[in-house]
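**Q** Following this line is protein_1.pdb, made up of PDB, C-alpha atoms:
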ATOM      1  CA  MET A   1     123.890 115.091  94.255  1.00  0.00           C
ATOM      2  CA  ASN A   2     121.650 114.569  91.265  1.00  0.00           C
ATOM      3  CA  LYS A   3     118.546 116.814  91.407  1.00  0.00           C
ATOM      4  CA  LYS A   4     116.330 113.956  90.192  1.00  0.00           C
ATOM      5  CA  LYS A   5     117.228 111.811  93.191  1.00  0.00           C
ATOM      6  CA  LYS A   6     116.109 114.381  95.777  1.00  0.00           C
ATOM      7  CA  ALA A   7     112.370 114.061  96.475  1.00  0.00           C
ATOM      8  CA  ARG A   8     110.374 117.193  95.623  1.00  0.00           C
ATOM      9  CA  LYS A   9     106.752 118.068  96.384  1.00  0.00           C
ATOM     10  CA  PRO A  10     104.337 117.917  93.440  1.00  0.00           C
ATOM     11  CA  ILE A  11     102.584 121.071  92.234  1.00  0.00           C
ATOM     12  CA  ALA A  12      98.823 121.149  92.946  1.00  0.00           C
ATOM     13  CA  ARG A  13      96.467 122.884  90.480  1.00  0.00           C
ATOM     14  CA  LYS A  14      92.694 123.026  90.441  1.00  0.00           C
ATOM     15  CA  ILE A  15      90.830 122.266  87.214  1.00  0.00           C
ATOM     16  CA  THR A  16      87.135 122.224  86.348  1.00  0.00           C
ATOM     17  CA  TYR A  17      85.462 119.628  84.140  1.00  0.00           C
ATOM     18  CA  LEU A  18      82.022 118.244  83.326  1.00  0.00           C
ATOM     19  CA  LYS A  19      81.243 115.111  85.329  1.00  0.00           C
ATOM     20  CA  PHE A  20      78.543 112.920  83.767  1.00  0.00           C
ATOM     21  CA  GLY A  21      78.285 115.530  80.998  1.00  0.00           C
ATOM     22  CA  PHE A  22      76.341 118.096  83.048  1.00  0.00           C
ATOM     23  CA  VAL A  23      77.807 118.544  86.559  1.00  0.00           C
ATOM     24  CA  ILE A  24      80.508 121.246  86.730  1.00  0.00           C
ATOM     25  CA  THR A  25      83.142 119.787  89.044  1.00  0.00           C
ATOM     26  CA  GLU A  26      86.370 121.200  90.521  1.00  0.00           C
ATOM     27  CA  HIS A  27      89.251 118.720  90.898  1.00  0.00           C
ATOM     28  CA  GLU A  28      92.820 119.110  92.166  1.00  0.00           C
ATOM     29  CA  ASN A  29      95.526 117.556  89.971  1.00  0.00           C
ATOM     30  CA  HIS A  30      99.149 117.092  91.009  1.00  0.00           C
ATOM     31  CA  TYR A  31     101.951 117.770  88.551  1.00  0.00           C
ATOM     32  CA  CYS A  32     105.662 116.910  88.446  1.00  0.00           C
ATOM     33  CA  PRO A  33     107.727 119.881  89.705  1.00  0.00           C
ATOM     34  CA  ARG A  34     110.357 119.243  87.019  1.00  0.00           C
ATOM     35  CA  CYS A  35     108.529 118.477  83.748  1.00  0.00           C
ATOM     36  CA  ASN A  36     104.962 119.607  84.619  1.00  0.00           C
ATOM     37  CA  HIS A  37     103.477 116.207  83.677  1.00  0.00           C
ATOM     38  CA  VAL A  38     100.271 115.168  85.497  1.00  0.00           C
ATOM     39  CA  LEU A  39     101.039 112.418  88.045  1.00  0.00           C
ATOM     40  CA  ASN A  40      97.533 110.816  88.233  1.00  0.00           C
ATOM     41  CA  ALA A  41      97.898 110.582  91.996  1.00  0.00           C
ATOM     42  CA  GLY A  42      95.208 110.258  94.623  1.00  0.00           C
ATOM     43  CA  PRO A  43      94.688 109.166  98.215  1.00  0.00           C
ATOM     44  CA  ASN A  44      95.024 105.489  97.213  1.00  0.00           C
ATOM     45  CA  TYR A  45      97.960 105.863  94.796  1.00  0.00           C
ATOM     46  CA  GLN A  46     101.009 108.111  95.089  1.00  0.00           C
ATOM     47  CA  PRO A  47     103.843 107.361  92.661  1.00  0.00           C
ATOM     48  CA  LYS A  48     107.385 107.629  93.975  1.00  0.00           C
ATOM     49  CA  TYR A  49     108.752 108.876  90.627  1.00  0.00           C
ATOM     50  CA  CYS A  50     107.432 110.816  87.621  1.00  0.00           C
ATOM     51  CA  ASP A  51     106.861 108.332  84.783  1.00  0.00           C
ATOM     52  CA  GLN A  52     108.021 110.896  82.181  1.00  0.00           C
ATOM     53  CA  CYS A  53     111.251 112.400  83.547  1.00  0.00           C
ATOM     54  CA  GLY A  54     112.120 110.187  86.542  1.00  0.00           C
ATOM     55  CA  GLN A  55     111.983 112.972  89.154  1.00  0.00           C
ATOM     56  CA  LYS A  56     111.501 111.560  92.655  1.00  0.00           C
ATOM     57  CA  VAL A  57     108.331 112.999  94.242  1.00  0.00           C
ATOM     58  CA  SER A  58     107.102 112.962  97.824  1.00  0.00           C
ATOM     59  CA  PHE A  59     103.430 113.308  98.753  1.00  0.00           C
ATOM     60  CA  ALA A  60     104.221 113.588 102.481  1.00  0.00           C
ATOM     61  CA  GLY A  61     102.053 116.262 104.059  1.00  0.00           C
ATOM     62  CA  ILE A  62      99.644 116.487 101.102  1.00  0.00           C
ATOM     63  CA  ILE A  63      96.038 116.839 102.235  1.00  0.00           C
ATOM     64  CA  TRP A  64      93.756 115.176  99.684  1.00  0.00           C
ATOM     65  CA  LYS A  65      90.632 117.116  98.806  1.00  0.00           C
ATOM     66  CA  GLU A  66      87.347 115.686  97.564  1.00  0.00           C
ATOM     67  CA  ASP A  67      86.004 116.801  94.198  1.00  0.00           C
ATOM     68  CA  LYS A  68      83.724 119.803  94.649  1.00  0.00           C
ATOM     69  CA  GLU A  69      80.511 120.165  92.628  1.00  0.00           C
ATOM     70  CA  LEU A  70      80.073 123.774  91.511  1.00  0.00           C
ATOM     71  CA  GLY A  71      76.708 123.516  89.782  1.00  0.00           C
ATOM     72  CA  PHE A  72      74.998 122.216  86.678  1.00  0.00           C
ATOM     73  CA  LYS A  73      75.391 123.029  83.000  1.00  0.00           C
ATOM     74  CA  LYS A  74      72.260 124.531  81.492  1.00  0.00           C
ATOM     75  CA  ARG A  75      70.724 122.943  78.411  1.00  0.00           C
ATOM     76  CA  GLY A  76      72.268 124.286  75.214  1.00  0.00           C
ATOM     77  CA  GLU A  77      75.003 126.098  77.130  1.00  0.00           C
ATOM     78  CA  THR A  78      78.532 125.483  75.911  1.00  0.00           C
ATOM     79  CA  TYR A  79      81.081 124.877  78.625  1.00  0.00           C
ATOM     80  CA  GLU A  80      84.827 125.241  78.462  1.00  0.00           C
ATOM     81  CA  PRO A  81      87.051 124.296  81.398  1.00  0.00           C
ATOM     82  CA  VAL A  82      88.899 127.121  83.114  1.00  0.00           C
TER      83      VAL A  82
END
Take the structure from the file and write it as structure tokens.

**A**
Amino acid sequence: MNKKKKARKPIARKITYLKFGFVITEHENHYCPRCNHVLNAGPNYQPKYCDQCGQKVSFAGIIWKEDKELGFKKRGETYEPV
């Protein structure tokens, strides 16, 4: 059986970014388990295949988490995502 045809669970990773330019926000992205490409999935859209390598993915059992606000960027402070 071809490994691409068997559905695999995506890899979840948390990232931080600046929302609205000043709110430090934590977000969970889901990545393809084969090529590590971001799947741009969410509670309203779950792709059946990775658009880069064609790996079949299954979001069954995934619990979607809301974005979490961690605080605010101070004026003049430089911010780099972790």

**Q** Could you check how far CA of Trp64 in chain A sits from CA of Val38 in chain A, in Å to one decimal?

**A** 15.6 Å

**Q** If we count all atoms listed in the file, what is near Gly42 in chain A at a cut-off of 9 Å, once residues fewer than 4 positions away on the same chain are taken out, given as a tab-separated table (two decimals) with C-alpha atoms, in the coordinates of the input?

**A**
chain	number	residue	atom	x	y	z
A	29	ASN	CA	95.53	117.56	89.97
A	30	HIS	CA	99.15	117.09	91.01
A	46	GLN	CA	101.01	108.11	95.09
A	64	TRP	CA	93.76	115.18	99.68

**Q** Please write as a PyMOL selection string the full residue list that the PyMOL selection byres ((chain A and resi 22) around 9) yields on this file.

**A** chain A and resi 18-21+23-24+71-75

**Q** Please tell me which residues are no farther than 9 Å from (98.5, 118.0, 94.9) in the file, counting only C-alpha atoms, and write them as a ChimeraX atom specification.

**A** /A:9-14,28-31,41-42,59,62-65

**Q** Compare A:His37, A:Thr16, A:Lys48, A:Lys5 by their minimum atom-to-atom distance to Ala60 in chain A, counting all atoms listed in the file, and give me the closest one.

**A**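 Among A:His37, A:Thr16, A:Lys48, A:Lys5, it is A:Lys48 that comes nearest to Ala60 in chain A.
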
**Q** With all atoms of range 19-25 of chain A from the file as input, state the centre and edge lengths in Å to one decimal of the axis-aligned box that has 4 Å extra on each side, as lines of an AutoDock Vina configuration file.

**A**
center_x = 79.7
center_y = 117.1
center_z = 85.0
size_x = 14.8
size_y = 16.3
size_z = 16.0

**Q** Let me make sure I understand: among A:Asn2, A:Asp67, A:Ile15, A:Arg8, which one has the smallest atom-to-atom distance to Cys50 in chain A if we use all atoms listed in the file?

**A**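 Using all atoms listed in the file, Cys50 in chain A sits closest to A:Arg8.
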
**Q** Would you please work out which residue, of A:His27, A:Arg34, A:Glu66, A:Asn40, is nearest to Gly54 in chain A when using all atoms listed in the file?

**A**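 Under the stated criterion, the closest residue is A:Arg34.
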
**Q** Between CA of Asn36 in chain A and CA of Lys6 in chain A, what is the distance in Å, rounded to a tenth?

**A**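 For CA of Asn36 in chain A relative to CA of Lys6 in chain A, the distance reads 16.6 Å.
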
**Q** Would you work out the distance separating CA of Cys35 in chain A from CA of Ala7 in chain A, expressed in Å to one decimal?

**A**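 That distance, rounded to one decimal, is 14.0 Å.
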